[in-house]
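Pasted below: start.txt, compact mmCIF, C-alpha atoms.
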# COMPACT_ATOMS: atom_id res chain seq x y z
CA MET A 15 114.26 130.54 114.13
CA ASN A 16 114.89 130.04 110.45
CA LYS A 17 112.38 128.10 108.38
CA LEU A 18 113.70 129.30 105.05
CA VAL A 19 115.39 126.86 102.73
CA LYS A 20 116.86 127.71 99.34
CA ASN A 21 114.92 125.34 97.14
CA ALA A 22 113.06 122.04 96.83
CA ASP A 23 116.24 119.93 96.90
CA GLU A 24 117.17 121.35 100.26
CA ALA A 25 113.57 121.05 101.52
CA VAL A 26 113.33 117.30 100.80
CA ALA A 27 116.95 116.47 101.76
CA GLU A 28 115.91 114.69 104.98
CA ILE A 29 113.29 112.46 103.34
CA PHE A 30 114.49 108.87 103.59
CA ASP A 31 113.73 105.56 101.84
CA GLY A 32 110.57 104.05 103.29
CA ALA A 33 109.21 107.36 104.63
CA VAL A 34 105.48 108.04 104.97
CA LEU A 35 104.60 111.26 103.14
CA ALA A 36 101.36 113.21 103.27
CA ILE A 37 101.04 115.32 100.12
CA GLY A 38 98.54 118.11 99.45
CA GLY A 39 96.52 118.62 96.28
CA PHE A 40 93.39 117.40 94.54
CA GLY A 41 94.01 115.98 91.09
CA LEU A 42 96.71 118.29 89.75
CA CYS A 43 95.30 121.33 91.57
CA GLY A 44 97.42 122.66 94.43
CA ILE A 45 100.13 119.99 94.26
CA PRO A 46 103.68 120.72 95.42
CA GLU A 47 105.21 120.50 91.95
CA ASN A 48 108.72 121.55 92.98
CA CYS A 49 109.01 119.06 95.83
CA ILE A 50 107.67 116.17 93.74
CA ALA A 51 110.28 116.94 91.07
CA ALA A 52 112.97 117.02 93.77
CA LEU A 53 111.83 113.62 95.11
CA VAL A 54 112.06 112.15 91.61
CA LYS A 55 115.57 113.57 91.27
CA LYS A 56 116.58 112.29 94.72
CA ARG A 57 115.48 108.75 93.75
CA VAL A 58 114.17 108.12 97.25
CA LYS A 59 112.35 104.74 97.30
CA ASN A 60 109.69 102.61 99.03
CA LEU A 61 107.61 105.65 99.87
CA THR A 62 104.12 105.50 101.32
CA CYS A 63 102.17 108.46 99.93
CA ILE A 64 98.99 109.75 101.55
CA SER A 65 97.35 111.78 98.82
CA ASN A 66 93.79 111.96 97.51
CA ASN A 67 94.93 111.08 93.98
CA ALA A 68 98.22 110.08 92.39
CA GLY A 69 98.24 112.80 89.75
CA VAL A 70 98.09 111.68 86.13
CA ASP A 71 100.42 109.29 84.27
CA ASP A 72 103.03 111.93 83.53
CA PHE A 73 102.54 114.62 86.15
CA GLY A 74 102.23 114.99 89.91
CA ILE A 75 102.68 111.84 91.97
CA GLY A 76 102.34 109.91 88.70
CA LEU A 77 106.02 110.82 88.15
CA LEU A 78 106.98 108.97 91.36
CA LEU A 79 104.90 105.95 90.28
CA GLN A 80 106.65 105.91 86.88
CA GLN A 81 110.03 105.70 88.60
CA ARG A 82 108.70 102.94 90.90
CA GLN A 83 109.51 105.02 94.00
CA VAL A 84 106.20 104.35 95.74
CA LYS A 85 105.42 101.18 97.68
CA LYS A 86 101.98 102.14 98.90
CA MET A 87 99.34 104.78 98.20
CA ILE A 88 96.63 105.87 100.66
CA SER A 89 94.10 107.56 98.37
CA SER A 90 90.41 107.91 97.59
CA TYR A 91 90.51 107.98 93.81
CA VAL A 92 92.39 106.12 91.11
CA GLY A 93 90.23 106.89 88.05
CA GLU A 94 91.84 108.61 85.07
CA ASN A 95 95.32 107.40 86.00
CA LYS A 96 96.03 104.31 83.87
CA LEU A 97 99.45 103.57 85.32
CA PHE A 98 98.13 103.78 88.89
CA GLU A 99 95.25 101.42 88.08
CA GLU A 100 97.53 98.95 86.25
CA MET A 101 100.08 98.88 89.08
CA VAL A 102 97.30 98.23 91.61
CA LEU A 103 95.58 95.52 89.54
CA SER A 104 98.92 93.75 88.93
CA GLY A 105 99.77 93.91 92.64
CA GLU A 106 102.89 96.00 92.03
CA LEU A 107 101.57 98.83 94.15
CA GLU A 108 99.75 98.55 97.45
CA LEU A 109 96.63 100.72 97.71
CA GLU A 110 94.65 101.59 100.81
CA LEU A 111 91.48 103.05 99.32
CA THR A 112 89.96 105.49 101.77
CA PRO A 113 86.78 107.52 101.29
CA GLN A 114 87.70 111.13 100.56
CA GLY A 115 86.04 112.65 103.60
CA THR A 116 87.44 109.95 105.85
CA LEU A 117 90.89 110.63 104.38
CA ALA A 118 90.59 114.37 105.05
CA GLU A 119 89.35 113.73 108.58
CA LYS A 120 92.11 111.16 109.26
CA LEU A 121 94.65 113.89 108.46
CA ARG A 122 92.80 116.62 110.35
CA ALA A 123 92.27 114.41 113.41
CA GLY A 124 95.84 113.07 113.24
CA GLY A 125 97.18 116.62 113.27
CA ALA A 126 94.84 117.56 116.12
CA GLY A 127 95.95 114.71 118.39
CA ILE A 128 92.83 112.59 117.96
CA PRO A 129 93.92 108.99 117.30
CA ALA A 130 90.64 107.66 115.89
CA PHE A 131 87.04 108.66 115.24
CA PHE A 132 83.66 107.13 114.42
CA THR A 133 82.04 107.83 111.07
CA ALA A 134 79.00 106.45 109.24
CA THR A 135 80.91 106.59 105.96
CA GLY A 136 81.64 103.08 104.71
CA TYR A 137 79.43 101.25 107.21
CA GLY A 138 78.16 98.02 105.63
CA THR A 139 80.74 98.19 102.81
CA GLN A 140 84.18 96.63 102.27
CA ILE A 141 85.69 99.73 103.89
CA GLY A 142 83.97 98.85 107.16
CA GLU A 143 85.01 95.19 107.20
CA LEU A 144 87.19 94.23 110.15
CA LYS A 145 86.70 97.63 111.74
CA GLU A 146 85.11 98.19 115.12
CA THR A 147 81.48 99.35 114.84
CA ARG A 148 79.28 101.22 117.31
CA GLU A 149 75.74 102.44 117.34
CA PHE A 150 75.02 106.01 118.46
CA ASN A 151 71.45 107.33 118.52
CA GLY A 152 70.27 104.50 116.29
CA ARG A 153 72.90 104.99 113.56
CA HIS A 154 75.81 102.69 112.77
CA TYR A 155 79.37 103.95 112.69
CA ILE A 156 82.80 102.48 112.05
CA LEU A 157 85.99 103.35 113.89
CA GLU A 158 88.64 104.90 111.65
CA ARG A 159 92.26 105.44 112.78
CA SER A 160 93.84 108.82 112.14
CA LEU A 161 96.95 109.41 110.05
CA PHE A 162 100.22 111.06 110.93
CA ALA A 163 103.11 111.17 108.48
CA ASP A 164 106.91 111.31 108.72
CA PHE A 165 106.79 114.33 106.42
CA SER A 166 104.01 116.48 104.99
CA ILE A 167 104.42 118.47 101.80
CA VAL A 168 102.03 121.27 100.86
CA LYS A 169 101.75 123.99 98.27
CA ALA A 170 100.32 127.43 99.01
CA TRP A 171 99.82 130.64 97.05
CA LYS A 172 101.56 132.93 99.53
CA GLY A 173 103.59 132.23 102.60
CA ASP A 174 105.67 134.32 104.96
CA THR A 175 108.97 133.72 106.69
CA MET A 176 107.11 132.53 109.82
CA GLY A 177 105.49 129.75 107.78
CA ASN A 178 102.01 131.28 107.70
CA LEU A 179 100.16 130.20 104.56
CA VAL A 180 97.41 131.55 102.34
CA PHE A 181 95.83 129.53 99.55
CA ARG A 182 94.11 130.57 96.36
CA GLY A 183 90.91 129.05 94.97
CA THR A 184 90.31 125.33 95.19
CA ALA A 185 94.09 124.79 95.27
CA ARG A 186 93.49 124.83 99.03
CA ASN A 187 91.76 121.39 99.12
CA PHE A 188 93.76 118.88 101.23
CA ASN A 189 96.70 121.21 101.86
CA PRO A 190 95.59 122.66 105.25
CA ASP A 191 94.78 119.17 106.58
CA VAL A 192 98.00 117.66 105.25
CA ALA A 193 100.00 120.57 106.74
CA THR A 194 98.98 119.59 110.28
CA ALA A 195 99.57 115.83 109.93
CA SER A 196 103.32 115.72 110.55
CA TYR A 197 106.02 117.31 112.70
CA LYS A 198 108.13 117.90 109.59
CA THR A 199 105.97 119.83 107.18
CA ILE A 200 107.45 121.43 104.09
CA ALA A 201 105.63 124.28 102.34
CA GLU A 202 106.40 125.50 98.84
CA VAL A 203 104.75 128.77 97.89
CA GLU A 204 104.32 130.83 94.75
CA GLU A 205 105.26 133.98 96.60
CA LEU A 206 107.30 134.20 99.78
CA VAL A 207 106.90 137.46 101.71
CA PRO A 208 108.46 138.87 104.89
CA ALA A 209 106.58 138.29 108.18
CA GLY A 210 104.10 141.11 108.66
CA GLU A 211 102.94 141.37 105.08
CA LEU A 212 100.08 138.90 105.41
CA ASN A 213 97.03 140.00 107.37
CA PRO A 214 96.85 137.76 110.47
CA ASP A 215 93.08 137.53 110.00
CA HIS A 216 93.53 136.04 106.54
CA ILE A 217 95.95 133.20 107.36
CA HIS A 218 94.63 129.75 106.37
CA VAL A 219 97.41 127.70 108.02
CA PRO A 220 99.27 129.16 111.02
CA GLY A 221 103.05 128.95 110.81
CA ILE A 222 103.44 126.58 113.77
CA TYR A 223 102.75 123.64 111.46
CA ILE A 224 105.42 124.58 108.92
CA LYS A 225 109.07 123.64 109.49
CA LYS A 226 110.55 124.48 106.09
CA ILE A 227 109.38 126.97 103.50
CA PHE A 228 110.64 128.14 100.13
CA GLN A 229 109.46 129.96 97.05
CA GLY A 230 108.92 127.48 94.23
CA SER A 231 109.63 128.20 90.61
CA ALA A 232 108.29 127.48 87.12
CA TYR A 233 104.85 126.33 88.22
CA GLU A 234 103.19 124.47 85.38
CA LYS A 235 99.74 124.23 87.07
CA ARG A 236 98.53 121.77 84.50
CA ILE A 237 94.75 121.64 83.93
CA GLU A 238 93.18 118.17 83.71
CA ARG A 239 89.88 119.13 82.09
CA ARG A 240 89.77 122.52 80.47
CA MET A 241 86.05 123.18 80.09
CA LEU A 242 84.86 126.40 78.51
CA ARG A 243 81.57 128.17 78.01
CA LYS A 244 80.90 130.28 74.99
CA GLY A 245 81.16 134.01 75.33
CA MET B 7 61.60 106.56 73.32
CA ALA B 8 64.32 106.14 75.90
CA LEU B 9 65.58 109.44 77.25
CA THR B 10 68.89 111.03 76.35
CA ARG B 11 71.38 111.83 79.12
CA GLU B 12 70.30 115.46 78.88
CA GLN B 13 66.64 114.54 79.37
CA ILE B 14 67.47 112.44 82.44
CA ALA B 15 69.26 115.50 83.84
CA GLN B 16 66.33 117.74 82.90
CA ARG B 17 63.87 115.49 84.75
CA ILE B 18 66.07 115.37 87.84
CA ALA B 19 66.35 119.17 87.83
CA LEU B 20 62.62 119.32 88.68
CA GLU B 21 63.50 117.77 92.05
CA LEU B 22 65.47 120.87 93.09
CA LYS B 23 63.95 123.14 95.70
CA ASP B 24 64.74 126.79 96.19
CA GLY B 25 67.63 127.20 98.63
CA ASP B 26 68.86 123.60 98.38
CA TYR B 27 72.54 122.89 98.93
CA VAL B 28 73.27 120.26 96.29
CA ASN B 29 76.19 118.04 95.36
CA LEU B 30 76.26 116.88 91.73
CA GLY B 31 78.36 113.84 90.85
CA ILE B 32 80.32 113.26 87.67
CA GLY B 33 78.49 112.39 84.40
CA ILE B 34 74.72 112.87 84.00
CA PRO B 35 74.42 114.58 87.43
CA THR B 36 76.77 117.37 86.29
CA LEU B 37 74.33 118.13 83.44
CA VAL B 38 71.55 118.87 85.96
CA ALA B 39 73.15 122.30 86.48
CA ASN B 40 72.09 123.22 82.91
CA TYR B 41 68.38 122.72 83.64
CA ILE B 42 67.74 124.42 86.98
CA PRO B 43 64.15 125.74 86.72
CA LYS B 44 63.55 129.49 86.61
CA GLY B 45 62.96 131.01 90.01
CA ILE B 46 64.80 128.20 91.81
CA ASN B 47 68.13 129.13 93.35
CA VAL B 48 70.31 126.27 94.49
CA ILE B 49 73.85 126.33 95.80
CA LEU B 50 76.06 123.71 94.21
CA GLN B 51 78.75 122.12 96.34
CA SER B 52 81.91 120.62 94.94
CA GLU B 53 83.60 118.37 97.48
CA ASN B 54 87.12 119.53 96.66
CA GLY B 55 86.14 122.65 98.59
CA LEU B 56 83.75 125.03 96.86
CA LEU B 57 80.20 126.15 97.66
CA GLY B 58 78.54 128.15 94.90
CA VAL B 59 79.98 126.47 91.81
CA GLY B 60 79.58 128.75 88.80
CA PRO B 61 79.47 127.92 85.09
CA TYR B 62 82.49 126.87 83.04
CA PRO B 63 84.85 129.81 82.44
CA THR B 64 85.38 131.70 79.21
CA GLU B 65 88.84 131.33 77.66
CA LYS B 66 89.86 134.52 79.50
CA GLU B 67 88.56 133.37 82.90
CA VAL B 68 90.27 129.94 82.93
CA ASP B 69 92.10 129.50 86.23
CA PRO B 70 94.05 126.32 87.08
CA ASP B 71 93.41 127.08 90.78
CA LEU B 72 89.65 126.83 90.31
CA ILE B 73 88.26 123.40 89.48
CA ASN B 74 85.34 121.19 90.49
CA ALA B 75 85.51 117.66 91.88
CA GLY B 76 85.51 116.33 88.30
CA LYS B 77 88.76 118.32 87.79
CA GLU B 78 86.96 120.59 85.31
CA THR B 79 87.69 124.32 85.21
CA VAL B 80 84.84 126.29 86.80
CA THR B 81 84.09 129.78 88.09
CA THR B 82 82.80 131.21 91.37
CA LEU B 83 79.59 133.20 91.81
CA PRO B 84 78.69 136.13 94.05
CA GLY B 85 78.40 134.50 97.49
CA SER B 86 80.69 131.53 96.77
CA SER B 87 83.00 130.25 99.48
CA ILE B 88 86.13 128.11 99.38
CA PHE B 89 87.43 125.82 102.11
CA SER B 90 89.58 122.83 102.95
CA SER B 91 88.77 119.17 102.28
CA SER B 92 88.07 118.41 105.95
CA GLN B 93 85.68 121.38 106.12
CA SER B 94 84.02 120.25 102.90
CA PHE B 95 83.31 116.80 104.28
CA ALA B 96 82.33 118.17 107.67
CA MET B 97 79.36 119.85 105.98
CA ILE B 98 78.61 116.63 104.08
CA ARG B 99 79.09 114.16 106.94
CA GLY B 100 77.42 116.53 109.37
CA GLY B 101 74.17 116.35 107.42
CA HIS B 102 74.10 119.98 106.26
CA MET B 103 73.57 119.17 102.59
CA ASP B 104 70.03 118.81 101.21
CA LEU B 105 70.47 116.75 98.07
CA THR B 106 73.04 114.52 96.41
CA ILE B 107 72.73 113.41 92.78
CA MET B 108 75.04 110.61 91.72
CA GLY B 109 75.63 108.01 89.02
CA ALA B 110 75.71 104.28 89.75
CA MET B 111 76.77 100.98 88.24
CA GLU B 112 74.09 99.12 90.21
CA VAL B 113 71.24 99.88 92.60
CA ASP B 114 68.94 97.44 94.37
CA GLU B 115 65.55 96.96 96.01
CA VAL B 116 66.53 98.30 99.43
CA GLY B 117 68.37 101.33 98.11
CA ASN B 118 71.90 99.97 98.15
CA ILE B 119 74.25 101.53 95.61
CA ALA B 120 77.49 100.29 94.00
CA ASN B 121 79.74 102.55 91.92
CA TRP B 122 83.41 102.38 92.92
CA ILE B 123 84.99 99.10 91.91
CA ILE B 124 84.67 96.05 89.65
CA PRO B 125 86.90 93.56 91.47
CA GLY B 126 89.84 92.38 89.34
CA LYS B 127 88.83 94.59 86.42
CA MET B 128 88.51 98.20 87.40
CA VAL B 129 89.54 100.21 90.42
CA LYS B 130 88.10 103.67 90.17
CA GLY B 131 87.96 104.44 93.85
CA MET B 132 85.07 105.90 95.78
CA GLY B 133 86.40 109.45 95.96
CA GLY B 134 83.78 111.33 97.97
CA ALA B 135 80.90 109.01 97.02
CA MET B 136 80.86 106.94 100.23
CA ASP B 137 80.80 110.07 102.38
CA LEU B 138 78.08 111.66 100.26
CA VAL B 139 75.75 108.64 100.30
CA ALA B 140 76.20 108.20 104.06
CA SER B 141 75.51 111.87 104.78
CA GLY B 142 71.77 111.50 105.26
CA SER B 143 71.01 114.03 102.49
CA ARG B 144 68.39 112.94 99.98
CA LEU B 145 70.10 110.74 97.36
CA ILE B 146 68.86 110.60 93.76
CA VAL B 147 70.61 108.21 91.40
CA ALA B 148 70.93 109.10 87.72
CA MET B 149 71.80 106.06 85.65
CA GLN B 150 71.18 103.91 82.60
CA HIS B 151 68.50 101.32 83.39
CA VAL B 152 70.21 98.65 81.31
CA SER B 153 73.94 98.08 80.68
CA LYS B 154 75.52 98.05 77.22
CA ASN B 155 75.24 94.24 77.31
CA GLY B 156 71.52 94.50 77.90
CA GLU B 157 71.63 93.56 81.57
CA SER B 158 69.47 95.34 84.09
CA LYS B 159 71.32 97.57 86.55
CA VAL B 160 68.31 97.77 88.87
CA LEU B 161 68.74 94.53 90.79
CA PRO B 162 67.14 92.52 93.59
CA GLN B 163 70.55 92.78 95.27
CA CYS B 164 73.74 94.54 94.12
CA ASN B 165 76.46 92.18 92.90
CA LEU B 166 79.31 94.68 93.07
CA PRO B 167 80.87 95.86 96.34
CA LEU B 168 78.62 98.51 97.89
CA THR B 169 79.20 102.22 98.18
CA GLY B 170 76.39 102.63 100.70
CA VAL B 171 73.63 100.67 102.40
CA LYS B 172 69.93 101.62 102.14
CA VAL B 173 70.68 105.17 101.01
CA VAL B 174 69.04 105.69 97.59
CA LYS B 175 65.68 107.51 97.66
CA LYS B 176 64.93 107.91 93.95
CA ILE B 177 66.22 106.42 90.69
CA VAL B 178 65.91 108.27 87.39
CA THR B 179 66.86 106.36 84.24
CA GLU B 180 66.34 106.63 80.48
CA LEU B 181 63.12 104.65 80.97
CA ALA B 182 61.58 105.54 84.32
CA VAL B 183 61.40 107.33 87.64
CA ILE B 184 61.40 104.86 90.53
CA ASP B 185 61.04 105.59 94.23
CA VAL B 186 62.80 103.49 96.84
CA THR B 187 60.28 102.98 99.65
CA GLU B 188 60.01 100.89 102.81
CA GLN B 189 58.00 98.45 100.67
CA GLY B 190 60.62 98.27 97.93
CA LEU B 191 60.82 99.86 94.48
CA VAL B 192 57.74 101.68 93.19
CA LEU B 193 57.39 102.83 89.59
CA ARG B 194 56.24 106.47 89.47
CA GLU B 195 56.80 107.70 85.94
CA HIS B 196 57.57 106.29 82.51
CA ALA B 197 59.51 108.00 79.74
CA PRO B 198 57.33 109.27 76.86
CA GLY B 199 56.64 106.35 74.54
CA VAL B 200 58.08 103.73 76.90
CA SER B 201 55.52 101.19 78.11
CA VAL B 202 55.24 100.03 81.70
CA ASP B 203 55.77 96.47 80.42
CA ASN B 204 59.10 97.44 78.92
CA ILE B 205 60.18 99.01 82.18
CA VAL B 206 59.21 95.95 84.18
CA LYS B 207 61.15 93.76 81.71
CA ALA B 208 64.22 95.99 81.99
CA THR B 209 64.11 95.83 85.79
CA ALA B 210 65.61 92.73 87.42
CA ALA B 211 64.42 93.88 90.83
CA LYS B 212 60.84 93.44 92.02
CA LEU B 213 59.01 96.57 90.91
CA THR B 214 55.65 97.61 92.27
CA VAL B 215 53.44 99.15 89.59
CA PRO B 216 50.72 101.34 91.11
CA LYS B 217 47.46 102.11 89.32
CA VAL B 218 48.73 105.48 88.21
CA VAL B 219 52.10 105.75 86.49
CA THR B 220 52.42 109.19 84.93
CA GLU B 221 54.40 110.19 81.87
CA MET B 222 57.59 112.03 82.73
CA ARG B 223 57.56 115.76 82.26
CA PHE B 224 60.55 117.98 81.78
CA SER B 225 59.36 121.37 82.92
CA VAL B 226 57.25 122.70 85.74

What do you get writing this file as structure tokens?
Amino acid sequence: MNKLVKNADEAVAEIFDGAVLAIGGFGLCGIPENCIAALVKKRVKNLTCISNNAGVDDFGIGLLLQQRQVKKMISSYVGENKLFEEMVLSGELELELTPQGTLAEKLRAGGAGIPAFFTATGYGTQIGELKETREFNGRHYILERSLFADFSIVKAWKGDTMGNLVFRGTARNFNPDVATASYKTIAEVEELVPAGELNPDHIHVPGIYIKKIFQGSAYEKRIERRMLRKG
Amino acid sequence: MALTREQIAQRIALELKDGDYVNLGIGIPTLVANYIPKGINVILQSENGLLGVGPYPTEKEVDPDLINAGKETVTTLPGSSIFSSSQSFAMIRGGHMDLTIMGAMEVDEVGNIANWIIPGKMVKGMGGAMDLVASGSRLIVAMQHVSKNGESKVLPQCNLPLTGVKVVKKIVTELAVIDVTEQGLVLREHAPGVSVDNIVKATAAKLTVPKVVTEMRFSV
């Protein structure tokens, strides 16, 4: 078994025009910077991207939007990304707005073999329109279908040659859920270590979900809102 | 005098109970963290995956891997924990949170809230708001009573697409504190120097005015 690939170009080589991609990250935190850059370079088109946000205008998935490589986004939040909002309002980009928790659960459930689930989130709103509803114990729920992608792309702090992953801080966010929601999951990590170096008790994502792994380079880790306290 | 944003936050902070697990939305709700009363310990949740949100970092502490749901740099505290998005919303959806404080574009008489889209004009997205309002935790809305154009944002019925149905329990604005009850909206407190008449005029919704409407206070 060899999950190691040389770099991002090799990791995304199989990704084809029209593919459905699940991508980890929240805002610009914990995004697979190397793989996104490789997708821009590869000029792959008509992508459907499942990702909480679409980065900002000039970083993260925003780079794919700029190059008009994305046909559809499945996201919970558009705010603070002008290009994203403009492309949606003009009809250039399809958007399936999904509540954040529903989005996370769609990925988790999809990866866990659960095709759909009931949730109270969105009941009585536009999100619940045209969806099956059910009442359980006096509360109303809507039926949400799970998600499963052609490829998932995640970013972790450390990973080993078996594909086991460990995250750092809130860069974890959607990454563990995204990692499970495909049979072709790519992980880029800040530090790749030999199997045996990570404590099995401390693994956040077990290696079974990861098909390709590489150590990324030149992480920018851009901060969206640098807030400071005095002292 | 109408309240400042900080004063709205300060008034809401009095609603916090010791041991509460609380989610603060973006805007005025975030400011509530600055006014937590002495002797009250609350655990702030950030839905990107952090329980125990600490203050903003110093220049030295800034860490791009540590942000809140508003994408602001933050710190952890002793006892903080970090988890995935699905875990974060499991604790929200599962009803484990005590209190949610959130901004709104519109609220109405039955406690409906709208804050994620202005059709044709603005798509902001609901982010975690729909999950939070549907979680069953107590929901307090922090908002301006009247829009910049002078229109009331406390309506008989929301005009904008809803974020949640019959979920708001309390509304705190620059003018008033209003409870959402089975019988509709009830005025509880007025801002210092703001008359009940002015509040009624600024409220498009039907507002019940009980015999006693107290002046807002800002400390225990």

Worksheet item: Got a sec to pull out which chain A residues are within 8 Å of chain B, counting only C-alpha atoms, and send them as a PyMOL selection string?
Response: chain A and resi 40-41+43-44+66+90-93+99+103+111-116+118-119+122+134-140+182-191+235-245

Worksheet, complete the sentence: Min atom-atom distance to Ser89 of chain A from the set A:Ser104, A:Asn178, A:Thr62, A:Asn151, counting all atoms listed in the file, belongs to A:Thr62

Worksheet entry | Gly45 of chain B surroundings by only C-alpha atoms, 12 Å radius, close-in-sequence under 4 positions cut, as an MDAnalysis selection string | chainID B and resid 20 22:25 41 226

Practice prompt. Find the distance between atom CA of Ile37 of chain A and atom CA of Thr147 of chain A and write it in Å to one decimal.
Written response: 29.2 Å

Item to complete: Between atom CA of Val219 of chain A and atom CA of Leu179 of chain A, measure the distance and give it in Å to one decimal.
Response: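 Computed distance, atom CA of Val219 of chain A to atom CA of Leu179 of chain A, equals 5.1 Å.
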
Item to complete: Could you check how far atom CA of Leu50 of chain B sits from atom CA of Val28 of chain B, in Å to one decimal?
Response: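 Calculated distance between atom CA of Leu50 of chain B and atom CA of Val28 of chain B is 4.9 Å.
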
Using the file's own x, y and z axes, so that the box edges lie along x, y and z, what centre and edge lengths in Å (one decimal) does a box around every listed atom of segment 71-90 of chain B get when 5 Å is added on each side? Give it as AutoDock Vina command-line options.
--center_x 85.9 --center_y 126.2 --center_z 94.1 --size_x 25.0 --size_y 29.8 --size_z 27.7

Fill in: Residue nearest Leu212 of chain A among A:Gly230, A:Leu161, A:Lys225, A:Gly173 (counting only C-alpha atoms)
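Of A:Gly230, A:Leu161, A:Lys225, A:Gly173, the one nearest Leu212 of chain A, counting only C-alpha atoms, is A:Gly173.
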
Worksheet item: Leaving out Met7 of chain B and any residue of its chain fewer than 5 positions from it, which residues lie within 10 Å of it when counting only C-alpha atoms, given as a ChimeraX atom specification?
Response: /B:180-181,197-201

Please, could you write that set of residues out with C-alpha atoms as a PDB file, keeping the file's coordinate frame?
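The file below, out_26.pdb, is the result:
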ATOM      1  CA  GLU B 180      66.340 106.630  80.480  1.00  0.00           C
ATOM      2  CA  LEU B 181      63.120 104.650  80.970  1.00  0.00           C
ATOM      3  CA  ALA B 197      59.510 108.000  79.740  1.00  0.00           C
ATOM      4  CA  PRO B 198      57.330 109.270  76.860  1.00  0.00           C
ATOM      5  CA  GLY B 199      56.640 106.350  74.540  1.00  0.00           C
ATOM      6  CA  VAL B 200      58.080 103.730  76.900  1.00  0.00           C
ATOM      7  CA  SER B 201      55.520 101.190  78.110  1.00  0.00           C
TER       8      SER B 201
END

Item to complete: Can you work out which one of A:Ser166, A:Asn60, A:Asn16, A:Asn95 has the shortest atom-to-atom distance to Tyr197 of chain A, counting only C-alpha atoms?
Response: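 Among the listed residues, A:Ser166 lies closest to Tyr197 of chain A.
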
Worksheet item: Taking all atoms listed in the file into account, which of A:Ala195, A:Val207, A:Leu97, A:Val19 comes nearest Leu78 of chain A?
Response: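 For Leu78 of chain A, the nearest of the given residues is A:Leu97.
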
Worksheet item: Glu211 of chain A: which residues within 10 Å, counting all atoms listed in the file, same-chain residues fewer than 2 positions away excluded, as a VMD selection string?
Response: chain A and resid 173 to 175 206 to 209 213 to 214

Kindly extract all protein, DNA and RNA residues lying within 7 Å of the coordinates (77.9, 104.2, 112.8) given in the file, considering all atoms listed in the file, and supply them as a compact mmCIF listing (two decimals) with C-alpha atoms, keeping the file's coordinate frame.
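The file below, result_5.txt, is the result:
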# COMPACT_ATOMS: atom_id res chain seq x y z
CA PHE A 132 83.66 107.13 114.42
CA THR A 133 82.04 107.83 111.07
CA ALA A 134 79.00 106.45 109.24
CA TYR A 137 79.43 101.25 107.21
CA THR A 147 81.48 99.35 114.84
CA ARG A 148 79.28 101.22 117.31
CA GLU A 149 75.74 102.44 117.34
CA PHE A 150 75.02 106.01 118.46
CA ARG A 153 72.90 104.99 113.56
CA HIS A 154 75.81 102.69 112.77
CA TYR A 155 79.37 103.95 112.69
CA ILE A 156 82.80 102.48 112.05

Worksheet item: From the set B:Ala148, B:Pro35, B:Ser143, B:Cys164, which residue has the shortest atom-to-atom contact distance to Ile124 of chain B, counting only C-alpha atoms?
Response: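 The shortest atom-to-atom distance to Ile124 of chain B comes from B:Cys164.
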
Practice prompt. Would you list the contacts of Gln163 of chain B as a list in words, taking every protein, DNA or RNA residue within 12 Å and counting only C-alpha atoms, but skipping same-chain residues closer than 5 positions in sequence?
Written response: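 Result of the neighbour search: Glu112, Val113, Asp114, Glu115, Val116, Gly117, Asn118, Ile119, Ala120, Ser158, Leu168, Val171, Lys172, Gly190, Thr209, Ala210, Ala211 and Lys212 of chain B.
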
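Nearest to Glu94 of chain A of all the residues A:Leu42, A:Ala22, A:Ile141, A:Ile50 is A:Leu42, counting only C-alpha atoms.
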